[in-house]
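work_21.txt (compact mmCIF, C-alpha atoms and all ligand atoms) appears below.
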```
# COMPACT_ATOMS: atom_id res chain seq x y z
CA MET A 1 -5.62 -44.90 -12.59
CA LYS A 2 -6.59 -43.87 -9.04
CA THR A 3 -8.58 -40.66 -8.76
CA TYR A 4 -8.77 -38.57 -5.60
CA SER A 5 -11.56 -36.42 -4.21
CA TYR A 6 -10.67 -32.89 -3.09
CA LEU A 7 -13.98 -32.59 -1.26
CA HIS A 8 -13.58 -32.43 2.55
CA ILE A 9 -16.82 -30.68 3.37
CA GLY A 10 -17.54 -30.65 7.12
CA GLU A 11 -14.27 -32.43 7.99
CA LYS A 12 -12.34 -31.05 10.97
CA ILE A 13 -9.00 -29.63 9.81
CA ASP A 14 -6.25 -27.73 11.65
CA ARG A 15 -6.91 -24.26 10.25
CA ASP A 16 -3.53 -23.07 11.60
CA ALA A 17 -1.81 -25.61 9.33
CA HIS A 18 -3.48 -24.32 6.16
CA VAL A 19 -3.87 -21.21 4.05
CA ILE A 20 -7.64 -20.73 3.92
CA CYS A 21 -9.03 -19.11 0.77
CA LYS A 22 -12.56 -17.90 0.08
CA TYR A 23 -13.62 -17.77 -3.58
CA ARG A 24 -16.81 -16.60 -5.30
CA VAL A 25 -17.41 -18.87 -8.31
CA THR A 26 -19.61 -18.41 -11.38
CA THR A 27 -19.95 -21.65 -13.35
CA ASP A 28 -22.44 -23.92 -15.16
CA LEU A 29 -20.87 -26.92 -13.43
CA PRO A 30 -22.31 -28.36 -10.21
CA MET A 31 -20.56 -26.24 -7.53
CA GLU A 32 -18.86 -29.31 -5.98
CA LYS A 33 -17.32 -30.18 -9.34
CA ALA A 34 -16.16 -26.59 -9.87
CA ALA A 35 -14.71 -26.47 -6.35
CA GLU A 36 -12.80 -29.71 -6.93
CA ALA A 37 -11.40 -28.42 -10.23
CA LEU A 38 -10.21 -25.28 -8.43
CA ALA A 39 -8.62 -27.18 -5.50
CA ALA A 40 -6.97 -29.65 -7.89
CA GLU A 41 -5.61 -27.01 -10.28
CA GLN A 42 -4.05 -25.01 -7.44
CA SER A 43 -2.52 -27.99 -5.63
CA THR A 44 -1.76 -31.55 -6.83
CA GLY A 45 -4.19 -32.03 -9.70
CA THR A 46 -4.76 -31.13 -13.35
CA TRP A 47 -7.51 -31.75 -15.98
CA THR A 48 -7.08 -35.57 -15.97
CA GLY A 49 -5.99 -38.27 -13.53
CA ILE A 50 -2.20 -38.70 -13.46
CA SER A 51 -0.21 -41.89 -12.80
CA THR A 52 2.41 -40.00 -10.81
CA LEU A 53 0.10 -38.80 -8.04
CA ASP A 54 0.10 -41.20 -5.09
CA GLU A 55 -1.80 -41.31 -1.79
CA ASP A 56 1.01 -39.68 0.23
CA ILE A 57 1.47 -36.72 -2.09
CA PHE A 58 -2.28 -36.20 -2.27
CA ARG A 59 -2.76 -36.46 1.52
CA ASN A 60 0.14 -34.09 2.30
CA TYR A 61 -0.27 -31.46 -0.41
CA GLY A 62 -3.75 -31.73 -1.88
CA GLY A 63 -6.04 -28.70 -1.50
CA LYS A 64 -9.21 -29.36 0.53
CA VAL A 65 -12.66 -28.01 -0.33
CA ILE A 66 -13.95 -27.43 3.21
CA GLU A 67 -17.06 -25.30 2.64
CA ILE A 68 -19.51 -24.56 -0.16
CA GLU A 69 -22.27 -22.02 0.44
CA GLY A 70 -24.16 -20.82 -2.59
CA ASP A 71 -21.52 -19.45 -4.98
CA VAL A 72 -18.88 -19.22 -2.24
CA VAL A 73 -16.26 -21.96 -1.98
CA VAL A 74 -13.68 -22.22 0.81
CA ILE A 75 -10.45 -24.13 0.12
CA ALA A 76 -7.71 -25.00 2.59
CA PHE A 77 -4.22 -25.37 1.11
CA PRO A 78 -1.68 -27.23 3.33
CA GLU A 79 1.02 -24.91 4.69
CA GLU A 80 3.64 -27.28 3.13
CA ASP A 81 2.47 -26.20 -0.31
CA PHE A 82 4.08 -22.79 0.40
CA CYS A 83 7.70 -21.67 0.72
CA ILE A 84 8.44 -18.24 2.14
CA GLU A 85 12.21 -17.81 2.24
CA ASN A 86 12.56 -18.64 -1.45
CA GLY A 87 9.16 -18.06 -3.03
CA GLY A 88 7.46 -15.54 -0.71
CA ILE A 89 4.46 -13.57 -1.90
CA PRO A 90 5.04 -14.42 -5.60
CA GLN A 91 4.76 -18.14 -4.77
CA ILE A 92 1.80 -17.61 -2.43
CA LEU A 93 -0.07 -15.76 -5.22
CA SER A 94 0.74 -18.51 -7.73
CA ILE A 95 -1.34 -20.88 -5.55
CA VAL A 96 -4.13 -18.71 -4.12
CA ALA A 97 -4.51 -16.49 -7.22
CA GLY A 98 -2.83 -18.38 -10.07
CA ASN A 99 -4.08 -20.42 -13.03
CA LEU A 100 -7.57 -20.61 -11.55
CA PHE A 101 -8.56 -17.32 -13.20
CA GLY A 102 -8.00 -18.84 -16.61
CA LEU A 103 -9.95 -22.10 -16.16
CA ASP A 104 -12.57 -22.16 -18.90
CA ALA A 105 -14.97 -24.25 -16.82
CA LEU A 106 -15.15 -21.43 -14.28
CA HIS A 107 -16.74 -18.46 -16.08
CA LYS A 108 -15.80 -16.05 -13.29
CA ILE A 109 -13.92 -16.46 -10.04
CA ARG A 110 -12.94 -13.96 -7.36
CA LEU A 111 -10.59 -14.39 -4.41
CA GLU A 112 -12.61 -12.69 -1.66
CA ASP A 113 -10.42 -13.41 1.35
CA VAL A 114 -7.35 -15.33 2.53
CA ASP A 115 -6.18 -16.29 6.00
CA PHE A 116 -2.60 -17.34 6.71
CA PRO A 117 -1.44 -19.72 9.46
CA SER A 118 0.85 -18.37 12.19
CA GLY A 119 3.74 -20.38 10.69
CA ILE A 120 3.65 -18.14 7.61
CA LEU A 121 2.69 -14.86 9.33
CA LYS A 122 5.65 -15.07 11.70
CA LYS A 123 8.00 -14.88 8.68
CA TYR A 124 6.79 -11.34 7.95
CA LYS A 125 7.59 -8.19 9.91
CA GLY A 126 4.71 -5.88 9.04
CA PRO A 127 4.88 -2.07 9.17
CA LYS A 128 7.93 -0.36 10.69
CA PHE A 129 5.90 2.74 11.70
CA GLY A 130 2.27 1.90 10.97
CA ALA A 131 -0.68 4.21 11.63
CA ASP A 132 0.49 5.11 15.14
CA GLY A 133 4.05 5.76 13.98
CA LEU A 134 2.84 8.14 11.27
CA ARG A 135 0.68 9.98 13.81
CA LYS A 136 3.71 10.27 16.13
CA ILE A 137 5.93 11.72 13.37
CA LEU A 138 3.20 14.27 12.59
CA ASP A 139 2.24 14.91 16.20
CA ARG A 140 -1.38 14.24 15.21
CA PRO A 141 -2.82 11.89 17.83
CA GLU A 142 -6.53 11.98 17.01
CA LYS A 143 -7.72 13.91 13.98
CA PRO A 144 -7.64 12.25 10.56
CA LEU A 145 -4.42 12.87 8.67
CA VAL A 146 -5.18 15.23 5.79
CA GLY A 147 -3.15 15.40 2.64
CA THR A 148 -2.81 16.21 -1.02
CA ILE A 149 -1.39 14.72 -4.20
CA VAL A 150 0.71 17.21 -6.16
CA LYS A 151 -1.25 18.11 -9.32
CA PRO A 152 -0.87 18.07 -12.22
CA LYS A 153 0.35 14.49 -11.91
CA ILE A 154 3.26 15.23 -14.24
CA GLY A 155 4.81 18.33 -15.76
CA LEU A 156 5.75 20.47 -12.75
CA SER A 157 9.40 21.28 -12.17
CA PRO A 158 11.11 20.39 -8.87
CA LYS A 159 10.84 24.06 -7.83
CA ASP A 160 7.10 24.29 -8.56
CA THR A 161 6.50 20.92 -6.89
CA ALA A 162 8.26 22.17 -3.75
CA LYS A 163 6.21 25.38 -3.89
CA TYR A 164 3.00 23.32 -4.09
CA VAL A 165 4.07 21.32 -1.02
CA TYR A 166 4.94 24.48 0.92
CA GLU A 167 1.59 26.09 0.06
CA ALA A 168 -0.28 22.90 1.00
CA GLY A 169 1.55 22.70 4.33
CA SER A 170 0.99 26.39 5.03
CA GLY A 171 -2.71 25.65 4.53
CA GLY A 172 -2.49 23.06 7.34
CA LEU A 173 -2.11 19.73 5.53
CA THR A 174 -0.11 16.97 7.28
CA ASN A 175 0.71 14.92 4.17
CA SER A 176 1.52 15.29 0.50
CA LYS A 177 2.76 12.83 -2.09
CA ASP A 178 4.02 12.42 -5.62
CA ASP A 179 1.40 11.10 -8.00
CA GLU A 180 1.63 7.44 -9.01
CA THR A 181 2.98 8.25 -12.48
CA LEU A 182 5.77 10.58 -11.35
CA VAL A 183 9.18 9.04 -10.62
CA ASP A 184 12.29 10.50 -12.34
CA GLN A 185 11.16 12.12 -15.60
CA LYS A 186 13.43 14.75 -17.23
CA PHE A 187 11.07 17.63 -16.37
CA CYS A 188 11.28 16.73 -12.65
CA PRO A 189 14.45 14.79 -11.73
CA ILE A 190 13.85 12.86 -8.50
CA GLU A 191 17.05 14.15 -6.79
CA ASP A 192 16.25 17.83 -7.43
CA ARG A 193 12.60 17.30 -6.52
CA THR A 194 13.35 15.47 -3.27
CA LYS A 195 15.88 18.10 -2.17
CA ALA A 196 13.55 21.00 -3.03
CA ILE A 197 10.61 19.39 -1.21
CA ALA A 198 12.80 18.69 1.83
CA GLU A 199 13.58 22.43 1.99
CA SER A 200 9.84 23.18 1.95
CA ILE A 201 9.21 20.64 4.71
CA ASP A 202 12.05 22.10 6.81
CA ARG A 203 10.71 25.63 6.31
CA LEU A 204 7.25 24.52 7.43
CA LYS A 205 8.82 22.85 10.48
CA GLU A 206 10.56 26.11 11.40
CA GLU A 207 7.15 27.77 11.10
CA GLY A 208 5.76 25.18 13.55
CA HIS A 209 4.04 22.83 11.12
CA LYS A 210 4.86 19.12 10.79
CA MET A 211 4.35 17.49 7.38
CA VAL A 212 5.67 14.54 5.40
CA HIS A 213 5.85 14.13 1.61
CA ALA A 214 5.97 10.69 -0.02
CA VAL A 215 8.50 10.54 -2.86
CA ASN A 216 7.55 7.90 -5.44
CA VAL A 217 10.42 5.39 -5.84
CA SER A 218 8.50 2.87 -7.95
CA THR A 219 11.07 1.29 -10.26
CA ASN A 220 12.63 -2.03 -11.25
CA GLY A 221 13.40 -4.57 -8.54
CA ASP A 222 17.17 -4.34 -8.95
CA LYS A 223 17.09 -0.56 -8.40
CA ILE A 224 14.33 0.16 -5.85
CA VAL A 225 16.36 -0.23 -2.63
CA GLN A 226 19.18 2.00 -3.87
CA LEU A 227 16.72 4.62 -5.13
CA ALA A 228 14.88 4.61 -1.80
CA GLU A 229 18.12 4.99 0.14
CA ASP A 230 19.17 7.79 -2.19
CA VAL A 231 15.95 9.79 -1.79
CA GLN A 232 16.21 9.34 1.97
CA SER A 233 19.76 10.74 1.86
CA TRP A 234 18.37 13.69 -0.20
CA GLY A 235 15.95 14.48 2.64
CA ALA A 236 12.79 12.49 1.85
CA SER A 237 10.43 12.22 4.85
CA GLN A 238 8.42 9.33 3.32
CA ILE A 239 8.67 7.02 0.28
CA MET A 240 5.90 5.69 -1.94
CA VAL A 241 5.62 2.44 -3.87
CA ASP A 242 3.05 1.38 -6.48
CA VAL A 243 2.61 -2.13 -5.08
CA ILE A 244 0.75 -3.70 -7.98
CA THR A 245 3.13 -2.49 -10.67
CA CYS A 246 6.28 -3.09 -8.56
CA GLY A 247 5.16 -6.20 -6.70
CA PHE A 248 4.58 -6.95 -3.01
CA ALA A 249 8.23 -7.93 -2.66
CA ALA A 250 9.17 -4.31 -3.41
CA VAL A 251 7.21 -3.13 -0.37
CA GLN A 252 8.71 -5.90 1.75
CA VAL A 253 12.33 -5.25 0.82
CA LEU A 254 11.96 -1.52 1.62
CA ALA A 255 10.04 -2.07 4.86
CA GLU A 256 12.55 -4.67 6.07
CA ASP A 257 15.65 -2.67 5.08
CA PRO A 258 17.16 -1.37 8.37
CA LYS A 259 18.73 1.53 6.46
CA ILE A 260 15.29 2.82 5.39
CA LYS A 261 14.12 4.98 8.30
CA VAL A 262 11.04 6.63 6.74
CA PRO A 263 7.46 5.32 6.40
CA VAL A 264 6.36 3.52 3.23
CA HIS A 265 3.19 4.85 1.56
CA VAL A 266 1.62 2.18 -0.67
CA HIS A 267 -0.30 3.16 -3.78
CA ARG A 268 -2.39 0.51 -5.58
CA THR A 269 -2.53 1.89 -9.12
CA MET A 270 -3.61 -0.86 -11.64
CA HIS A 271 -5.60 -2.66 -8.89
CA GLY A 272 -8.81 -1.91 -10.73
CA ALA A 273 -7.79 -4.41 -13.43
CA PHE A 274 -8.60 -7.22 -10.99
CA THR A 275 -10.56 -5.63 -8.11
CA LYS A 276 -13.34 -3.86 -10.05
CA ASP A 277 -15.49 -6.80 -11.23
CA PRO A 278 -17.35 -8.06 -8.13
CA LEU A 279 -17.45 -11.58 -9.62
CA HIS A 280 -13.96 -11.92 -11.13
CA GLY A 281 -10.45 -11.14 -9.91
CA ILE A 282 -9.15 -10.38 -6.42
CA ALA A 283 -10.93 -8.29 -3.78
CA MET A 284 -8.97 -5.54 -1.97
CA LEU A 285 -9.15 -7.45 1.33
CA PRO A 286 -6.49 -10.08 0.39
CA ILE A 287 -4.36 -7.26 -1.09
CA THR A 288 -4.65 -5.30 2.17
CA LYS A 289 -3.59 -8.33 4.22
CA LEU A 290 -0.55 -8.93 1.99
CA VAL A 291 0.53 -5.26 2.09
CA ARG A 292 0.29 -5.20 5.91
CA MET A 293 2.34 -8.43 6.12
CA CYS A 294 4.94 -6.90 3.77
CA GLY A 295 5.26 -3.76 5.86
CA GLY A 296 3.27 -0.99 4.18
CA ASP A 297 2.75 1.88 6.66
CA ALA A 298 -0.18 3.39 4.74
CA LEU A 299 -2.36 1.92 1.95
CA HIS A 300 -5.05 3.32 -0.36
CA ILE A 301 -8.34 1.57 0.45
CA GLY A 302 -10.95 3.69 -1.36
CA THR A 303 -13.40 6.41 -0.32
CA LEU A 304 -16.18 4.23 1.06
CA GLY A 305 -18.38 4.85 -1.92
CA VAL A 306 -18.27 8.68 -2.13
CA GLY A 307 -15.28 9.44 -4.41
CA LYS A 308 -14.52 9.10 -8.15
CA MET A 309 -13.17 5.54 -8.02
CA THR A 310 -15.27 2.35 -8.08
CA GLY A 311 -15.68 0.91 -4.60
CA THR A 312 -18.41 -0.11 -2.19
CA VAL A 313 -18.85 0.98 1.42
CA GLU A 314 -18.70 -2.68 2.50
CA GLY A 315 -15.64 -3.58 0.43
CA ASP A 316 -13.70 -0.48 1.43
CA GLN A 317 -14.73 -0.91 5.06
CA ASP A 318 -13.41 -4.49 5.04
CA SER A 319 -10.01 -3.18 3.92
CA LEU A 320 -10.12 -0.30 6.39
CA GLU A 321 -10.89 -2.64 9.29
CA GLU A 322 -8.13 -4.99 8.12
CA CYS A 323 -5.66 -2.09 8.22
CA LEU A 324 -6.58 -1.23 11.80
CA LYS A 325 -7.30 -4.70 13.21
CA LYS A 326 -5.52 -5.03 16.57
CA ASP A 327 -5.57 -8.84 17.00
CA VAL A 328 -2.92 -9.26 14.32
CA ARG A 329 0.80 -9.71 15.00
CA PHE A 330 1.63 -6.59 12.93
CA LYS A 331 1.37 -2.85 13.67
CA THR A 332 -1.76 -1.20 12.29
CA MET A 333 -1.52 0.34 8.80
CA MET A 334 -2.94 3.81 7.98
CA PRO A 335 -5.92 3.50 5.62
CA VAL A 336 -5.79 6.15 2.88
CA CYS A 337 -9.03 7.52 1.42
CA SER A 338 -8.35 9.24 -1.89
CA GLY A 339 -9.80 9.75 -5.38
CA GLY A 340 -12.11 12.64 -6.27
CA VAL A 341 -12.20 13.87 -2.66
CA TYR A 342 -13.33 17.42 -1.86
CA PRO A 343 -14.29 19.17 1.41
CA GLY A 344 -18.05 18.76 0.98
CA MET A 345 -17.81 14.95 1.19
CA ILE A 346 -15.56 14.69 4.24
CA ALA A 347 -18.36 14.45 6.81
CA THR A 348 -20.05 11.59 4.93
CA MET A 349 -16.77 9.77 4.48
CA ILE A 350 -15.76 10.08 8.14
CA LYS A 351 -19.20 8.83 9.23
CA ALA A 352 -18.35 5.57 7.42
CA SER A 353 -14.58 5.46 8.05
CA GLY A 354 -14.14 6.84 11.55
CA LEU A 355 -11.27 9.20 12.43
CA ASN A 356 -8.30 6.86 12.09
CA VAL A 357 -7.75 7.52 8.40
CA GLN A 358 -5.62 9.63 6.06
CA ILE A 359 -7.77 11.65 3.65
CA GLN A 360 -6.12 12.88 0.45
CA ALA A 361 -7.23 15.32 -2.21
CA GLY A 362 -5.47 16.40 -5.39
CA GLY A 363 -8.14 18.16 -7.43
CA GLY A 364 -9.96 18.98 -4.18
CA VAL A 365 -6.96 21.17 -3.19
CA ALA A 366 -5.40 22.32 -6.50
CA GLY A 367 -8.86 23.00 -7.94
CA HIS A 368 -9.85 25.46 -5.23
CA PRO A 369 -10.53 28.94 -6.76
CA GLY A 370 -8.20 30.47 -4.13
CA GLY A 371 -5.25 28.26 -5.08
CA VAL A 372 -3.39 25.49 -3.25
CA ARG A 373 -3.04 27.12 0.18
CA LYS A 374 -6.75 28.01 0.41
CA GLY A 375 -7.62 24.62 -1.03
CA ALA A 376 -5.64 23.02 1.77
CA MET A 377 -7.34 25.28 4.33
CA GLY A 378 -10.75 24.24 2.98
CA MET A 379 -9.86 20.53 3.44
CA CYS A 380 -8.56 21.13 6.99
CA GLN A 381 -11.65 23.13 7.92
CA ALA A 382 -13.92 20.33 6.67
CA ILE A 383 -11.93 17.83 8.76
CA ASP A 384 -12.16 20.10 11.82
CA ALA A 385 -15.92 20.48 11.38
CA ALA A 386 -16.37 16.70 11.19
CA PHE A 387 -13.99 16.17 14.14
CA GLU A 388 -15.95 18.65 16.28
CA GLY A 389 -19.30 17.33 15.05
CA ILE A 390 -20.33 20.67 13.54
CA ASP A 391 -22.45 20.77 10.38
CA VAL A 392 -20.17 21.67 7.47
CA SER A 393 -22.43 24.46 6.15
CA LYS A 394 -22.60 26.00 9.63
CA TYR A 395 -18.82 25.79 9.96
CA ALA A 396 -18.41 27.39 6.52
CA GLU A 397 -20.20 30.50 7.75
CA THR A 398 -17.03 31.44 9.64
CA HIS A 399 -14.50 29.74 7.34
CA PRO A 400 -14.41 31.39 3.90
CA GLU A 401 -12.02 28.86 2.28
CA LEU A 402 -14.46 26.06 3.11
CA ARG A 403 -17.37 28.23 1.95
CA THR A 404 -15.70 28.67 -1.43
CA ALA A 405 -15.12 24.92 -1.76
CA LEU A 406 -18.73 24.12 -0.90
CA ASP A 407 -19.92 26.72 -3.39
CA LYS A 408 -17.76 25.14 -6.10
CA TRP A 409 -18.21 21.40 -5.47
CA GLY A 410 -21.25 21.21 -3.18
CA ILE A 411 -21.93 18.75 -0.36
CA LYS A 412 -22.20 15.00 -0.80
C1 LIG A 501 -6.31 11.15 -6.68
C2 LIG A 501 -5.21 10.33 -7.31
C3 LIG A 501 -5.00 8.93 -6.70
C4 LIG A 501 -6.21 8.08 -6.59
C5 LIG A 501 -5.89 6.59 -6.58
C6 LIG A 501 -5.47 10.18 -8.78
O1 LIG A 501 -6.34 12.43 -7.24
O2 LIG A 501 -3.97 10.98 -7.19
O3 LIG A 501 -4.02 8.32 -7.50
O4 LIG A 501 -6.87 8.38 -5.41
O5 LIG A 501 -7.04 5.84 -6.39
O6 LIG A 501 -4.45 10.21 -9.51
O7 LIG A 501 -6.56 9.97 -9.20
P1 LIG A 501 -7.65 13.35 -7.07
P2 LIG A 501 -7.25 4.91 -5.10
O8 LIG A 501 -7.78 13.71 -5.62
O9 LIG A 501 -7.38 14.55 -7.92
O10 LIG A 501 -8.82 12.57 -7.53
O11 LIG A 501 -6.98 5.81 -3.93
O12 LIG A 501 -8.66 4.46 -5.20
O13 LIG A 501 -6.27 3.84 -5.22
MG MG A 502 -2.85 9.71 -8.32
```
When written as structure tokens, how does the structure in this file appear?
Ligand code: CAP
Ligand code: MG
Amino acid sequence: MKTYSYLHIGEKIDRDAHVICKYRVTTDLPMEKAAEALAAEQSTGTWTGISTLDEDIFRNYGGKVIEIEGDVVVIAFPEEDFCIENGGIPQILSIVAGNLFGLDALHKIRLEDVDFPSGILKKYKGPKFGADGLRKILDRPEKPLVGTIVKPKIGLSPKDTAKYVYEAGSGGLTNSKDDETLVDQKFCPIEDRTKAIAESIDRLKEEGHKMVHAVNVSTNGDKIVQLAEDVQSWGASQIMVDVITCGFAAVQVLAEDPKIKVPVHVHRTMHGAFTKDPLHGIAMLPITKLVRMCGGDALHIGTLGVGKMTGTVEGDQDSLEECLKKDVRFKTMMPVCSGGVYPGMIATMIKASGLNVQIQAGGGVAGHPGGVRKGAMGMCQAIDAAFEGIDVSKYAETHPELRTALDKWGIK
């Protein structure tokens, strides 16, 4: 039986005719052998030679190991291996992030990066609004967007949720959002909540303050478009989707729906199951690229190493840069820094992130001794201090809400 080699190290290939994947591999096998097993498993091979694989099939559809450097392996999968109209992101993931994670011979394996050829990228539309569109809606051209997550995550009534949003907006915040676990529970029906929040947003607008609130429409695939259109008709100014639990296709169908005229905020809850281990799973960078292709307008990317969630400055910066990269056919996507954020860490975060970010705090607002409005003011004052390049302690001398927050949580 003929056997085929998946090794094409140093060979010239047309990168724009392949999906190029970068993997970090932990194995006892010689790296070339491990790389071949990976390329075979994800394309035309399996654990033994097969009589049904001929030269043509192998040449046209076989994955190619094109680089091996230390524990990093780069594999090029022919574009013909993929089908976008029927298949889409689910089929893409089955190749670039499928069975390979279960191969016993590969102790650990992590998809670090993926690059798509123009033939695939042109089949995606990207964000409808993007970072610039969000800034336009909020009339916030330069300063970081600053927001909150309504806390507690669950339990508040629609009326109390709307009050929270009004207080947060009165304190100067530009954004608020439902928490990732809140959708349509009995204690807070989504219709009543959306309508009550819309009243708060309208009241703030009358008082001269622009704000959007992301209503969480994460639900089953057969319902998500209708639910999103419903919340929009009830006055929602933004919608939110948990992309990992709902699937990338959920983001895509909402972003591409011409009837949906509000930005899509993308939460990544559950991502830690496969992004946390630096040697096994999928890095946030491929996730960020897929969400931008699918049309997310804003995506959680971490706090660049200062917040409560696991994340490295480098890893989070890679995702942040990918959100804002200009030489991509899609609009830029607003990077969202959230998770254990409080005013005393804003300056450090902005040093690493730059100003084109959306910074969110739940506990950092609702936990302020002065309540939600003063908590919001403390966050805005910290952002203003960083924006104007003034030391946060100095700025707090004339801004009591910030002073209180620094006294409570300190400076990081
Ligand atoms: C933050 C948060 C967000 C996390 C998600 C939470 O609240 O609402 O879901 O930021 O993590 O539930 O923890 P706090 P990530 O501000 O009170 O921490 O942004 O890393 O995806
Ligand atoms: Mg949350």
At most 9 Å from ligand LIG 501 (chain A) (all atoms listed in the file): residue list as a ChimeraX atom specification: /A:148-153,177-181,267-272,299-303,307-311,336-342,360-367
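Across the structure, CA of Asn220 in chain A and CA of Asn86 in chain A are spaced 19.3 Å apart.
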Can you list, as an MDAnalysis selection string, every protein, DNA or RNA residue that comes within 12 Å of range 100-113 of chain A when you count only C-alpha atoms, leaving out same-chain residues fewer than 3 positions away? chainID A and resid 19:31 33:43 46:47 71:76 93:97 116 274:290 315 318:319 322
Ligand MG 502 (chain A) proximity check over A:Cys323, A:Gly221, A:Asn216, A:Arg193, using only C-alpha atoms and all ligand atoms: winner is A:Asn216
Show me, as a list of chain:residue names, the residues that have an atom within 8 Å of Leu324 in chain A when counting all atoms listed in the file, minus same-chain residues fewer than 2 positions from it. A:Leu320, A:Glu321, A:Glu322, A:Lys326, A:Thr332, A:Met333, A:Met334, A:Pro335
When you draw a straight line from CA of Ser393 in chain A to CA of Met349 in chain A, how long is it in Å?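 Taking CA of Ser393 in chain A as the start and CA of Met349 in chain A as the end point, the length is 15.8 Å.
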